[in-house]
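Asks: One structure, pasted below without further comment.
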Amino acid sequence: MRLCWLIALLLLLGWGCVSASPTLESSTSDAALNEPIQPVPLPLPRDAKQQSIIALGERLFSDPRLSSTNTTACINCHTLSKGGADGERFSRQPSGELAPVNTPTIFNLPLNFRLFWDGRKRTLDEQIRTDPFADSDTHWDQALGKLKADTQYPADFATLFPDGLTITNIQNAIVAFEKSLVLVNSRFDRYLRGDLKAITDAEAKGYSLFKTYGCTACHQGANVGGNLFQKFGIMGDYFKDNGHSNHADAGRYNTTKLEDDRYVFRVPSLRLATLTAPYFHDGSAKTLEDAIKVMAKYQLGRPISDEHISLIIGFLKTLPGEYQGQPLGTDSTP
């Protein structure tokens, strides 16, 4: 873990950048290949069966019968119209208790190298088979029984899967839908591909500042983050200063039990940052301005002026991309 911190420090000093982004399309401009942020690869065409499985997964994603209380669906915490999160500091679990950490966006998960704030799962397939509703009391056998009693699900599964309605096929359909939630063709991606008019001069300046301040040390690649672990509080003790002491604050330590992993988290993607307040694992930053100031103090060790923060936020507004052919968010034109 010390190696990760050293790499990040070297990046802050301008020694280069680390990227774990997927393979890029050939249409990416030569200049963009040298940028720390890369375009989200466009998806391959899907056949009719794949589209039907995704549609089935979307129905399941919105079905509260997957929870033991029949009250909570995936969509309750991952609302697509709210940037794939729920806008709450902590989501309400089926048990009625609050989740221990802020809910991350469901969008662009295949672009992350790990899942959850502590990175305890590597893939969506692993997550759904071992941790279906994080920190809840959902049981797949109970969910299967409820769906078998439905008037439509058994027939739909029989059409799409040789063995019909099974726990594995329920999980496969949901994962197929989740994997489809990759946002493409953002204004910034179009800019990287050579359309210099896709963003304004002010937004381009915001991107330049984003790089100059060292934000790309952690927020780079196709997902503008999500591809490495980092300690929260490189340049200061965030947890001591803010009086934190709960279990979730230990971060990756809770998974590995290694002292070097205390207060270490998977770096979040900034693709949906302008749509997914509040921020951080503890949801403590109510606005993006607040979050940038905290990052400047504890990760960069330098202040950022209000003017520069405004310009950086302008750049971040160019990042979300399109869902089902429509720009996500309100800032869709330069």
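Order determines the names: the first chain of the structure tokens is A, the second B, and so forth; residues in each chain are numbered 1 upward, and ligands are numbered 1 upward as they are shown.
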Using only C-alpha atoms, which protein or nucleic acid residues come within 8 Å of stretch 280-283 of chain A? Drop anything in the same chain fewer than 4 positions from it, and give the result as a PDB file with N, CA and C atoms, in the first residue's frame.
Replies:
ATOM      1  N   GLU A  88     -28.974  10.668  -0.893  1.00  0.00           N
ATOM      2  CA  GLU A  88     -28.999  10.661   0.570  1.00  0.00           C
ATOM      3  C   GLU A  88     -27.587  10.483   1.119  1.00  0.00           C
ATOM      4  N   ARG A  89     -27.380  10.940   2.344  1.00  0.00           N
ATOM      5  CA  ARG A  89     -26.074  10.706   2.963  1.00  0.00           C
ATOM      6  C   ARG A  89     -25.859   9.212   3.178  1.00  0.00           C
ATOM      7  N   PHE A  90     -26.894   8.537   3.707  1.00  0.00           N
ATOM      8  CA  PHE A  90     -26.853   7.090   3.892  1.00  0.00           C
ATOM      9  C   PHE A  90     -28.193   6.509   3.460  1.00  0.00           C
ATOM     10  N   PRO A 100     -23.918   1.889   6.344  1.00  0.00           N
ATOM     11  CA  PRO A 100     -22.767   2.471   7.040  1.00  0.00           C
ATOM     12  C   PRO A 100     -21.967   3.451   6.200  1.00  0.00           C
ATOM     13  N   VAL A 101     -22.142   3.406   4.869  1.00  0.00           N
ATOM     14  CA  VAL A 101     -21.410   4.309   3.980  1.00  0.00           C
ATOM     15  C   VAL A 101     -22.364   4.882   2.935  1.00  0.00           C
ATOM     16  N   ASN A 102     -21.937   5.959   2.321  1.00  0.00           N
ATOM     17  CA  ASN A 102     -22.711   6.587   1.271  1.00  0.00           C
ATOM     18  C   ASN A 102     -22.797   5.668   0.046  1.00  0.00           C
ATOM     19  N   THR A 103     -23.939   5.673  -0.624  1.00  0.00           N
ATOM     20  CA  THR A 103     -24.160   4.808  -1.782  1.00  0.00           C
ATOM     21  C   THR A 103     -23.482   5.368  -3.027  1.00  0.00           C
ATOM     22  N   TRP A 117     -16.606   0.831  -1.496  1.00  0.00           N
ATOM     23  CA  TRP A 117     -15.602   1.785  -1.019  1.00  0.00           C
ATOM     24  C   TRP A 117     -14.330   1.078  -0.552  1.00  0.00           C
ATOM     25  N   ASP A 249     -15.076   3.910   8.739  1.00  0.00           N
ATOM     26  CA  ASP A 249     -13.974   4.835   8.461  1.00  0.00           C
ATOM     27  C   ASP A 249     -12.638   4.119   8.271  1.00  0.00           C
ATOM     28  N   ALA A 291     -16.563  19.374  -1.354  1.00  0.00           N
ATOM     29  CA  ALA A 291     -15.742  18.191  -1.596  1.00  0.00           C
ATOM     30  C   ALA A 291     -14.381  18.568  -2.175  1.00  0.00           C
TER      31      ALA A 291
END
Asks: Dump as CSV the rows for residues of stretch 127-224 of chain A within 9 Å of stretch 40-53 of chain A: closest atom pair and distance in Å with one decimal, only C-alpha atoms counted, ordered by chain and rising residue number.
Replies:
residue,atom,partner,partner_atom,distance
A:Phe157,CA,A:Ile53,CA,8.8
A:Leu160,CA,A:Ile53,CA,7.0
A:Asn172,CA,A:Ile53,CA,8.5
A:Ala173,CA,A:Ile53,CA,5.6
A:Ile174,CA,A:Ile53,CA,8.4
A:Ala176,CA,A:Ile53,CA,6.9
A:Phe177,CA,A:Ile53,CA,7.6
A:Ser180,CA,A:Pro43,CA,8.6
A:Val182,CA,A:Val40,CA,8.2
A:Leu183,CA,A:Val40,CA,7.5
A:Val184,CA,A:Val40,CA,5.8
A:Asn185,CA,A:Val40,CA,7.4
A:Ser186,CA,A:Val40,CA,8.5
A:Asp189,CA,A:Val40,CA,7.0
A:Gly221,CA,A:Val40,CA,8.8
A:Ala222,CA,A:Val40,CA,5.1
A:Asn223,CA,A:Val40,CA,7.2
Asks: Identify all residues of stretch 79-321 of chain A in helix (DSSP H, G or I) (DSSP on the backbone) and supply them as a PyMOL selection string.
Replies: chain A and resi 80-82+109-111+124-130+140-148+153-160+167-179+187-192+201-212+215-217+238-241+247-250+253-256+259-261+273-275+288-300+306-316
Asks: Run DSSP on the backbone and tell me which residues of stretch 138-322 of chain A come out as strand (DSSP E or B); list them as JSON, numbers by chain.
Replies: {"A": [184, 221, 229, 230, 231, 251, 264, 265, 266, 279, 285, 322]}
Asks: Atom CA of A:Ile313 and atom CA of A:Ala296 are how many Å apart?
Replies: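 Atom CA of A:Ile313 sits 13.7 Å away from atom CA of A:Ala296.
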